[in-house]
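Okay, data-v3.cif is below, mmCIF, N, CA and C atoms:
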```
data_structure
#
loop_
_atom_site.label_atom_id
_atom_site.label_comp_id
_atom_site.auth_asym_id
_atom_site.auth_seq_id
_atom_site.Cartn_x
_atom_site.Cartn_y
_atom_site.Cartn_z
N MET U 1 10.36 208.90 -105.43
CA MET U 1 10.50 209.09 -106.86
C MET U 1 10.00 207.86 -107.63
N LYS U 2 10.29 206.68 -107.08
CA LYS U 2 9.86 205.44 -107.72
C LYS U 2 8.34 205.35 -107.75
N HIS U 3 7.70 205.77 -106.67
CA HIS U 3 6.23 205.75 -106.62
C HIS U 3 5.63 206.74 -107.60
N LEU U 4 6.27 207.87 -107.76
CA LEU U 4 5.79 208.88 -108.71
C LEU U 4 5.85 208.33 -110.13
N PHE U 5 6.96 207.66 -110.47
CA PHE U 5 7.09 207.05 -111.80
C PHE U 5 6.00 206.00 -112.02
N LEU U 6 5.78 205.15 -111.01
CA LEU U 6 4.75 204.12 -111.11
C LEU U 6 3.37 204.74 -111.30
N PHE U 7 3.10 205.82 -110.58
CA PHE U 7 1.81 206.52 -110.71
C PHE U 7 1.61 207.01 -112.15
N PHE U 8 2.64 207.65 -112.72
CA PHE U 8 2.51 208.17 -114.08
C PHE U 8 2.41 207.05 -115.10
N ALA U 9 3.10 205.94 -114.87
CA ALA U 9 3.00 204.80 -115.78
C ALA U 9 1.58 204.23 -115.78
N VAL U 10 0.99 204.09 -114.60
CA VAL U 10 -0.39 203.59 -114.50
C VAL U 10 -1.36 204.57 -115.15
N MET U 11 -1.18 205.85 -114.92
CA MET U 11 -2.05 206.86 -115.52
C MET U 11 -1.94 206.84 -117.05
N PHE U 12 -0.73 206.66 -117.57
CA PHE U 12 -0.54 206.60 -119.02
C PHE U 12 -1.30 205.41 -119.60
N LEU U 13 -1.19 204.25 -118.95
CA LEU U 13 -1.91 203.06 -119.42
C LEU U 13 -3.41 203.27 -119.36
N PHE U 14 -3.90 203.90 -118.30
CA PHE U 14 -5.33 204.17 -118.17
C PHE U 14 -5.79 205.10 -119.29
N MET U 15 -5.02 206.13 -119.56
CA MET U 15 -5.40 207.08 -120.61
C MET U 15 -5.35 206.41 -121.99
N ALA U 16 -4.39 205.52 -122.23
CA ALA U 16 -4.31 204.82 -123.51
C ALA U 16 -5.53 203.93 -123.70
N CYS U 17 -5.96 203.23 -122.64
CA CYS U 17 -7.16 202.39 -122.72
C CYS U 17 -8.39 203.25 -122.94
N LYS U 18 -8.47 204.37 -122.26
CA LYS U 18 -9.61 205.27 -122.39
C LYS U 18 -9.68 205.83 -123.81
N ASP U 19 -8.51 206.13 -124.40
CA ASP U 19 -8.47 206.64 -125.76
C ASP U 19 -9.02 205.60 -126.73
N THR U 20 -8.63 204.34 -126.56
CA THR U 20 -9.15 203.26 -127.40
C THR U 20 -10.65 203.12 -127.22
N GLU U 21 -11.11 203.18 -125.97
CA GLU U 21 -12.54 203.06 -125.68
C GLU U 21 -13.32 204.20 -126.34
N ASP U 22 -12.80 205.42 -126.26
CA ASP U 22 -13.46 206.56 -126.88
C ASP U 22 -13.54 206.41 -128.39
N LYS U 23 -12.45 205.96 -129.01
CA LYS U 23 -12.44 205.79 -130.47
C LYS U 23 -13.36 204.66 -130.91
N LEU U 24 -13.57 203.67 -130.06
CA LEU U 24 -14.41 202.52 -130.39
C LEU U 24 -15.89 202.88 -130.43
N GLU U 25 -16.30 203.86 -129.66
CA GLU U 25 -17.72 204.24 -129.58
C GLU U 25 -18.27 204.62 -130.95
N GLY U 26 -19.49 204.16 -131.23
CA GLY U 26 -20.17 204.51 -132.46
C GLY U 26 -20.50 203.28 -133.30
N LYS U 27 -20.84 203.55 -134.55
CA LYS U 27 -21.26 202.50 -135.49
C LYS U 27 -20.14 202.25 -136.49
N TRP U 28 -19.81 200.97 -136.67
CA TRP U 28 -18.74 200.55 -137.57
C TRP U 28 -19.30 199.58 -138.61
N GLN U 29 -18.99 199.84 -139.88
CA GLN U 29 -19.42 198.96 -140.96
C GLN U 29 -18.27 198.03 -141.34
N LEU U 30 -18.54 196.74 -141.32
CA LEU U 30 -17.54 195.76 -141.72
C LEU U 30 -17.33 195.87 -143.23
N ARG U 31 -16.08 196.01 -143.63
CA ARG U 31 -15.74 196.15 -145.05
C ARG U 31 -15.12 194.89 -145.63
N GLN U 32 -14.33 194.17 -144.81
CA GLN U 32 -13.74 192.93 -145.31
C GLN U 32 -13.29 192.05 -144.16
N THR U 33 -13.23 190.76 -144.46
CA THR U 33 -12.66 189.78 -143.53
C THR U 33 -11.53 189.08 -144.27
N GLU U 34 -10.57 188.59 -143.49
CA GLU U 34 -9.45 187.87 -144.10
C GLU U 34 -9.06 186.71 -143.20
N LEU U 35 -8.95 185.54 -143.81
CA LEU U 35 -8.53 184.34 -143.10
C LEU U 35 -7.71 183.48 -144.04
N ASP U 36 -6.51 183.15 -143.63
CA ASP U 36 -5.60 182.30 -144.42
C ASP U 36 -5.42 182.83 -145.84
N GLY U 37 -5.29 184.14 -145.98
CA GLY U 37 -5.07 184.75 -147.29
C GLY U 37 -6.31 184.94 -148.13
N HIS U 38 -7.45 184.40 -147.68
CA HIS U 38 -8.71 184.57 -148.41
C HIS U 38 -9.41 185.83 -147.90
N ILE U 39 -9.62 186.79 -148.79
CA ILE U 39 -10.26 188.06 -148.45
C ILE U 39 -11.69 188.06 -148.97
N GLU U 40 -12.61 188.43 -148.09
CA GLU U 40 -14.02 188.51 -148.46
C GLU U 40 -14.51 189.94 -148.21
N THR U 41 -15.13 190.54 -149.22
CA THR U 41 -15.70 191.88 -149.09
C THR U 41 -17.08 191.78 -148.47
N VAL U 42 -17.35 192.67 -147.52
CA VAL U 42 -18.61 192.67 -146.78
C VAL U 42 -19.10 194.11 -146.70
N ASP U 43 -20.43 194.31 -146.77
CA ASP U 43 -20.96 195.66 -146.56
C ASP U 43 -22.33 195.65 -145.88
N THR U 44 -22.72 194.52 -145.30
CA THR U 44 -24.04 194.42 -144.69
C THR U 44 -23.99 194.15 -143.19
N VAL U 45 -22.81 194.23 -142.59
CA VAL U 45 -22.65 193.93 -141.16
C VAL U 45 -22.16 195.18 -140.44
N TYR U 46 -22.78 195.45 -139.28
CA TYR U 46 -22.43 196.63 -138.49
C TYR U 46 -22.23 196.23 -137.03
N TYR U 47 -21.18 196.75 -136.42
CA TYR U 47 -20.93 196.60 -134.99
C TYR U 47 -21.15 197.98 -134.38
N ASN U 48 -21.96 198.05 -133.34
CA ASN U 48 -22.29 199.31 -132.67
C ASN U 48 -21.84 199.24 -131.22
N PHE U 49 -21.05 200.23 -130.79
CA PHE U 49 -20.52 200.27 -129.44
C PHE U 49 -21.00 201.53 -128.74
N LEU U 50 -21.49 201.38 -127.52
CA LEU U 50 -21.88 202.51 -126.68
C LEU U 50 -21.57 202.13 -125.24
N THR U 51 -20.61 202.80 -124.65
CA THR U 51 -20.09 202.47 -123.32
C THR U 51 -19.83 200.96 -123.25
N SER U 52 -20.52 200.24 -122.37
CA SER U 52 -20.29 198.80 -122.25
C SER U 52 -21.28 197.99 -123.09
N LEU U 53 -22.14 198.66 -123.84
CA LEU U 53 -23.17 197.98 -124.63
C LEU U 53 -22.70 197.71 -126.05
N PHE U 54 -23.28 196.70 -126.67
CA PHE U 54 -22.93 196.32 -128.03
C PHE U 54 -24.18 195.88 -128.78
N MET U 55 -24.26 196.25 -130.06
CA MET U 55 -25.33 195.78 -130.92
C MET U 55 -24.71 195.29 -132.24
N TYR U 56 -25.06 194.09 -132.61
CA TYR U 56 -24.61 193.48 -133.86
C TYR U 56 -25.78 193.58 -134.83
N GLN U 57 -25.58 194.25 -135.97
CA GLN U 57 -26.64 194.41 -136.96
C GLN U 57 -26.23 193.77 -138.28
N ILE U 58 -27.19 193.13 -138.91
CA ILE U 58 -26.97 192.56 -140.24
C ILE U 58 -28.11 193.06 -141.13
N TYR U 59 -27.74 193.71 -142.22
CA TYR U 59 -28.72 194.19 -143.18
C TYR U 59 -29.03 193.05 -144.15
N ILE U 60 -30.33 192.78 -144.36
CA ILE U 60 -30.79 191.73 -145.27
C ILE U 60 -31.39 192.43 -146.50
N PRO U 61 -30.63 192.56 -147.60
CA PRO U 61 -31.12 193.30 -148.77
C PRO U 61 -32.42 192.75 -149.35
N ALA U 62 -32.62 191.44 -149.34
CA ALA U 62 -33.82 190.85 -149.94
C ALA U 62 -35.10 191.34 -149.28
N THR U 63 -35.05 191.62 -147.98
CA THR U 63 -36.23 192.09 -147.26
C THR U 63 -36.14 193.56 -146.87
N ASN U 64 -34.99 194.18 -147.17
CA ASN U 64 -34.75 195.58 -146.80
C ASN U 64 -34.95 195.80 -145.29
N ASN U 65 -34.52 194.83 -144.50
CA ASN U 65 -34.64 194.89 -143.05
C ASN U 65 -33.31 194.56 -142.39
N TYR U 66 -33.23 194.89 -141.10
CA TYR U 66 -32.07 194.55 -140.28
C TYR U 66 -32.44 193.47 -139.28
N GLN U 67 -31.52 192.56 -139.05
CA GLN U 67 -31.58 191.63 -137.93
C GLN U 67 -30.54 192.14 -136.93
N GLN U 68 -30.85 192.10 -135.66
CA GLN U 68 -29.86 192.56 -134.69
C GLN U 68 -29.92 191.74 -133.41
N SER U 69 -28.81 191.78 -132.71
CA SER U 69 -28.71 191.15 -131.40
C SER U 69 -27.94 192.10 -130.50
N TYR U 70 -28.25 192.06 -129.21
CA TYR U 70 -27.67 192.98 -128.25
C TYR U 70 -26.85 192.23 -127.22
N GLY U 71 -25.87 192.91 -126.69
CA GLY U 71 -25.05 192.32 -125.65
C GLY U 71 -24.20 193.39 -125.00
N HIS U 72 -23.06 192.96 -124.50
CA HIS U 72 -22.15 193.92 -123.90
C HIS U 72 -20.72 193.59 -124.30
N LYS U 73 -19.85 194.56 -124.08
CA LYS U 73 -18.45 194.40 -124.43
C LYS U 73 -17.58 194.74 -123.24
N LEU U 74 -16.40 194.15 -123.25
CA LEU U 74 -15.40 194.43 -122.24
C LEU U 74 -14.09 194.68 -122.97
N LEU U 75 -13.49 195.84 -122.71
CA LEU U 75 -12.23 196.20 -123.34
C LEU U 75 -11.16 196.26 -122.26
N GLU U 76 -10.15 195.41 -122.41
CA GLU U 76 -9.01 195.39 -121.50
C GLU U 76 -7.76 195.52 -122.34
N ASP U 77 -7.10 196.68 -122.22
CA ASP U 77 -5.94 197.00 -123.03
C ASP U 77 -6.37 196.94 -124.49
N LYS U 78 -5.83 196.05 -125.30
CA LYS U 78 -6.23 195.92 -126.71
C LYS U 78 -7.06 194.66 -126.95
N LYS U 79 -7.54 194.02 -125.87
CA LYS U 79 -8.37 192.83 -126.00
C LYS U 79 -9.84 193.23 -125.82
N LEU U 80 -10.65 192.93 -126.82
CA LEU U 80 -12.07 193.24 -126.82
C LEU U 80 -12.86 191.94 -126.76
N THR U 81 -13.69 191.81 -125.73
CA THR U 81 -14.56 190.64 -125.62
C THR U 81 -16.00 191.11 -125.78
N ILE U 82 -16.72 190.46 -126.69
CA ILE U 82 -18.11 190.80 -126.96
C ILE U 82 -18.97 189.59 -126.60
N ASP U 83 -20.02 189.84 -125.82
CA ASP U 83 -20.89 188.78 -125.32
C ASP U 83 -22.33 189.08 -125.74
N LEU U 84 -22.90 188.22 -126.57
CA LEU U 84 -24.27 188.38 -127.03
C LEU U 84 -25.26 187.50 -126.27
N SER U 85 -24.86 186.93 -125.16
CA SER U 85 -25.73 185.99 -124.45
C SER U 85 -26.90 186.68 -123.74
N LEU U 86 -26.91 188.02 -123.69
CA LEU U 86 -28.05 188.71 -123.09
C LEU U 86 -29.33 188.46 -123.87
N GLN U 87 -29.19 188.35 -125.17
CA GLN U 87 -30.34 188.11 -126.04
C GLN U 87 -30.02 186.85 -126.84
N ASN U 88 -30.23 185.71 -126.23
CA ASN U 88 -29.87 184.45 -126.85
C ASN U 88 -30.80 184.14 -128.02
N SER U 89 -30.24 184.15 -129.22
CA SER U 89 -31.02 183.87 -130.42
C SER U 89 -30.20 182.99 -131.35
N ALA U 90 -30.50 181.73 -131.36
CA ALA U 90 -29.78 180.80 -132.23
C ALA U 90 -29.97 181.15 -133.70
N SER U 91 -31.16 181.63 -134.06
CA SER U 91 -31.40 181.98 -135.47
C SER U 91 -30.54 183.17 -135.89
N PHE U 92 -30.30 184.12 -134.97
CA PHE U 92 -29.43 185.24 -135.31
C PHE U 92 -27.99 184.77 -135.45
N MET U 93 -27.53 183.94 -134.53
CA MET U 93 -26.15 183.48 -134.55
C MET U 93 -25.84 182.71 -135.84
N GLU U 94 -26.83 182.07 -136.42
CA GLU U 94 -26.64 181.36 -137.69
C GLU U 94 -26.31 182.33 -138.83
N LEU U 95 -26.68 183.60 -138.70
CA LEU U 95 -26.41 184.61 -139.72
C LEU U 95 -24.98 185.16 -139.63
N THR U 96 -24.30 184.90 -138.52
CA THR U 96 -22.97 185.45 -138.28
C THR U 96 -21.89 184.42 -138.61
N ASP U 97 -20.65 184.86 -138.53
CA ASP U 97 -19.53 183.92 -138.67
C ASP U 97 -18.91 183.59 -137.31
N TRP U 98 -19.61 183.93 -136.24
CA TRP U 98 -19.12 183.64 -134.90
C TRP U 98 -19.36 182.18 -134.55
N ALA U 99 -18.46 181.60 -133.75
CA ALA U 99 -18.61 180.21 -133.31
C ALA U 99 -19.59 180.10 -132.15
N GLY U 100 -19.76 181.17 -131.40
CA GLY U 100 -20.67 181.16 -130.25
C GLY U 100 -21.12 182.57 -129.92
N GLU U 101 -21.78 182.70 -128.79
CA GLU U 101 -22.33 184.00 -128.39
C GLU U 101 -21.28 184.95 -127.83
N LYS U 102 -20.10 184.44 -127.54
CA LYS U 102 -19.04 185.25 -126.96
C LYS U 102 -17.77 185.09 -127.80
N GLU U 103 -17.22 186.21 -128.26
CA GLU U 103 -16.01 186.20 -129.06
C GLU U 103 -15.03 187.23 -128.50
N SER U 104 -13.74 186.95 -128.65
CA SER U 104 -12.69 187.86 -128.20
C SER U 104 -11.81 188.24 -129.38
N PHE U 105 -11.42 189.50 -129.40
CA PHE U 105 -10.64 190.06 -130.50
C PHE U 105 -9.46 190.84 -129.94
N THR U 106 -8.40 190.91 -130.74
CA THR U 106 -7.29 191.80 -130.46
C THR U 106 -7.44 192.98 -131.41
N ILE U 107 -7.44 194.19 -130.85
CA ILE U 107 -7.53 195.38 -131.69
C ILE U 107 -6.14 195.66 -132.25
N GLU U 108 -6.01 195.54 -133.56
CA GLU U 108 -4.73 195.76 -134.24
C GLU U 108 -4.52 197.25 -134.53
N LYS U 109 -5.61 197.92 -134.93
CA LYS U 109 -5.53 199.34 -135.27
C LYS U 109 -6.87 199.98 -135.00
N ILE U 110 -6.85 201.17 -134.44
CA ILE U 110 -8.09 201.94 -134.30
C ILE U 110 -7.73 203.40 -134.48
N SER U 111 -8.50 204.06 -135.35
CA SER U 111 -8.34 205.49 -135.58
C SER U 111 -9.74 206.08 -135.69
N GLY U 112 -9.82 207.32 -136.05
CA GLY U 112 -11.12 207.96 -136.15
C GLY U 112 -12.02 207.36 -137.20
N ASP U 113 -11.44 206.68 -138.20
CA ASP U 113 -12.26 206.16 -139.30
C ASP U 113 -11.99 204.70 -139.66
N GLN U 114 -11.07 204.03 -138.95
CA GLN U 114 -10.78 202.63 -139.28
C GLN U 114 -10.54 201.80 -138.02
N LEU U 115 -11.08 200.60 -138.04
CA LEU U 115 -10.91 199.63 -136.97
C LEU U 115 -10.51 198.30 -137.60
N ILE U 116 -9.38 197.76 -137.14
CA ILE U 116 -8.94 196.44 -137.60
C ILE U 116 -8.74 195.59 -136.36
N MET U 117 -9.41 194.44 -136.33
CA MET U 117 -9.25 193.55 -135.20
C MET U 117 -9.22 192.10 -135.67
N THR U 118 -8.58 191.26 -134.85
CA THR U 118 -8.41 189.85 -135.18
C THR U 118 -9.06 189.00 -134.12
N ASN U 119 -9.85 188.02 -134.57
CA ASN U 119 -10.48 187.08 -133.65
C ASN U 119 -9.39 186.23 -133.02
N ILE U 120 -9.34 186.21 -131.70
CA ILE U 120 -8.28 185.50 -130.99
C ILE U 120 -8.34 184.00 -131.24
N THR U 121 -9.52 183.43 -131.35
CA THR U 121 -9.67 181.99 -131.53
C THR U 121 -9.40 181.54 -132.96
N THR U 122 -9.99 182.24 -133.94
CA THR U 122 -9.92 181.78 -135.33
C THR U 122 -8.79 182.43 -136.14
N GLY U 123 -8.31 183.59 -135.70
CA GLY U 123 -7.29 184.31 -136.46
C GLY U 123 -7.86 185.13 -137.60
N LYS U 124 -9.19 185.16 -137.73
CA LYS U 124 -9.83 185.94 -138.80
C LYS U 124 -9.69 187.42 -138.49
N LYS U 125 -9.28 188.18 -139.51
CA LYS U 125 -9.09 189.63 -139.38
C LYS U 125 -10.31 190.35 -139.94
N TYR U 126 -10.81 191.33 -139.19
CA TYR U 126 -11.98 192.13 -139.56
C TYR U 126 -11.55 193.57 -139.75
N THR U 127 -11.92 194.16 -140.89
CA THR U 127 -11.61 195.56 -141.16
C THR U 127 -12.92 196.33 -141.29
N PHE U 128 -13.06 197.37 -140.48
CA PHE U 128 -14.27 198.20 -140.44
C PHE U 128 -13.93 199.64 -140.82
N ARG U 129 -14.97 200.34 -141.24
CA ARG U 129 -14.88 201.80 -141.39
C ARG U 129 -15.92 202.42 -140.48
N LYS U 130 -15.63 203.60 -139.98
CA LYS U 130 -16.60 204.30 -139.14
C LYS U 130 -17.76 204.70 -140.03
N PHE U 131 -18.97 204.43 -139.59
CA PHE U 131 -20.15 204.68 -140.40
C PHE U 131 -20.82 205.97 -139.99
#
```
Now, as a test, write the supplied structure out as structure tokens.
Amino acid sequence: MKHLFLFFAVMFLFMACKDTEDKLEGKWQLRQTELDGHIETVDTVYYNFLTSLFMYQIYIPATNNYQQSYGHKLLEDKKLTIDLSLQNSASFMELTDWAGEKESFTIEKISGDQLIMTNITTGKKYTFRKF
């Protein structure tokens, strides 16, 4: 009986992680960031998730073009790690608010149309809408 309970507990955790992974898939538009009570509105940054792949896009209105970088993501429970080191571009990283090519976030909320996550290192909160 104890083994059966353990089996169902592990399956529940697996399904919960899979549900988060499924909801994460797609294109998300960053709407705002918040750090130390300072809220900044954003509408030119997009995070794109497809299985283990990730694409960071920034729309540049002055040139009507996108800059992007590619990498991969790892989701463990509610911890999301994104690594852009596959396409090392210092000029792209200067356009972001990331400290380096690899950042980790805690997913605070994810639904069909909203994603809220917090950078583990900086404490900055990111709010996205499904695009």
Computed interatomic separation between atom N of Leu80 in chain U and atom N of Pro61 in chain U (Å)
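Those two atoms sit 28.8 Å apart.
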Every residue of chain U that DSSP places in strand (DSSP E), as a VMD selection string:
chain U and resid 26 to 35 38 to 41 45 to 50 53 to 60 65 to 76 79 to 83 102 to 110 114 to 119 125 to 130
Using all atoms listed in the file and a cutoff of 8 Å, can you tell me which residues are near (-7.2, 192.8, -126.5) in the file's coordinates, and write them out as an NGL selection string?
:U and (74-81 or 104-108)
Output N, CA and C atoms for every residue in the selection just made, as a PDB file, keeping the file's coordinate frame.
```
ATOM      1  N   LEU U  74     -16.400 194.150-123.250  1.00  0.00           N
ATOM      2  CA  LEU U  74     -15.400 194.430-122.240  1.00  0.00           C
ATOM      3  C   LEU U  74     -14.090 194.680-122.970  1.00  0.00           C
ATOM      4  N   LEU U  75     -13.490 195.840-122.710  1.00  0.00           N
ATOM      5  CA  LEU U  75     -12.230 196.200-123.340  1.00  0.00           C
ATOM      6  C   LEU U  75     -11.160 196.260-122.260  1.00  0.00           C
ATOM      7  N   GLU U  76     -10.150 195.410-122.410  1.00  0.00           N
ATOM      8  CA  GLU U  76      -9.010 195.390-121.500  1.00  0.00           C
ATOM      9  C   GLU U  76      -7.760 195.520-122.340  1.00  0.00           C
ATOM     10  N   ASP U  77      -7.100 196.680-122.220  1.00  0.00           N
ATOM     11  CA  ASP U  77      -5.940 197.000-123.030  1.00  0.00           C
ATOM     12  C   ASP U  77      -6.370 196.940-124.490  1.00  0.00           C
ATOM     13  N   LYS U  78      -5.830 196.050-125.300  1.00  0.00           N
ATOM     14  CA  LYS U  78      -6.230 195.920-126.710  1.00  0.00           C
ATOM     15  C   LYS U  78      -7.060 194.660-126.950  1.00  0.00           C
ATOM     16  N   LYS U  79      -7.540 194.020-125.870  1.00  0.00           N
ATOM     17  CA  LYS U  79      -8.370 192.830-126.000  1.00  0.00           C
ATOM     18  C   LYS U  79      -9.840 193.230-125.820  1.00  0.00           C
ATOM     19  N   LEU U  80     -10.650 192.930-126.820  1.00  0.00           N
ATOM     20  CA  LEU U  80     -12.070 193.240-126.820  1.00  0.00           C
ATOM     21  C   LEU U  80     -12.860 191.940-126.760  1.00  0.00           C
ATOM     22  N   THR U  81     -13.690 191.810-125.730  1.00  0.00           N
ATOM     23  CA  THR U  81     -14.560 190.640-125.620  1.00  0.00           C
ATOM     24  C   THR U  81     -16.000 191.110-125.780  1.00  0.00           C
ATOM     25  N   SER U 104     -13.740 186.950-128.650  1.00  0.00           N
ATOM     26  CA  SER U 104     -12.690 187.860-128.200  1.00  0.00           C
ATOM     27  C   SER U 104     -11.810 188.240-129.380  1.00  0.00           C
ATOM     28  N   PHE U 105     -11.420 189.500-129.400  1.00  0.00           N
ATOM     29  CA  PHE U 105     -10.640 190.060-130.500  1.00  0.00           C
ATOM     30  C   PHE U 105      -9.460 190.840-129.940  1.00  0.00           C
ATOM     31  N   THR U 106      -8.400 190.910-130.740  1.00  0.00           N
ATOM     32  CA  THR U 106      -7.290 191.800-130.460  1.00  0.00           C
ATOM     33  C   THR U 106      -7.440 192.980-131.410  1.00  0.00           C
ATOM     34  N   ILE U 107      -7.440 194.190-130.850  1.00  0.00           N
ATOM     35  CA  ILE U 107      -7.530 195.380-131.690  1.00  0.00           C
ATOM     36  C   ILE U 107      -6.140 195.660-132.250  1.00  0.00           C
ATOM     37  N   GLU U 108      -6.010 195.540-133.560  1.00  0.00           N
ATOM     38  CA  GLU U 108      -4.730 195.760-134.240  1.00  0.00           C
ATOM     39  C   GLU U 108      -4.520 197.250-134.530  1.00  0.00           C
TER      40      GLU U 108
END
```
Give me every helix (DSSP H, G or I) residue in range 27-111 of chain U, going by DSSP on the backbone, as a list in words.
Ser85, Leu86, Gln87, Ala90, Ser91, Phe92 and Met93 of chain U
Output of the PyMOL selection byres (((chain U and resi 49 and name CA) around 7) and name CA), listed as number ranges by chain
U: 24-27, 47-48, 50-51, 53-55
What's the separation between atom N of Tyr59 in chain U and atom N of Phe92 in chain U, in Å to one decimal place?
12.3 Å
In Å, how far is it from atom C of Thr63 in chain U to atom C of Glu101 in chain U?
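Between atom C of Thr63 in chain U and atom C of Glu101 in chain U the gap is 25.6 Å.
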Name the residues that the PyMOL selection byres (((chain U and resi 43 and name CA) around 12) and name CA) picks from the file above, as a count of residues only, using the file's chain letters and numbers.
23
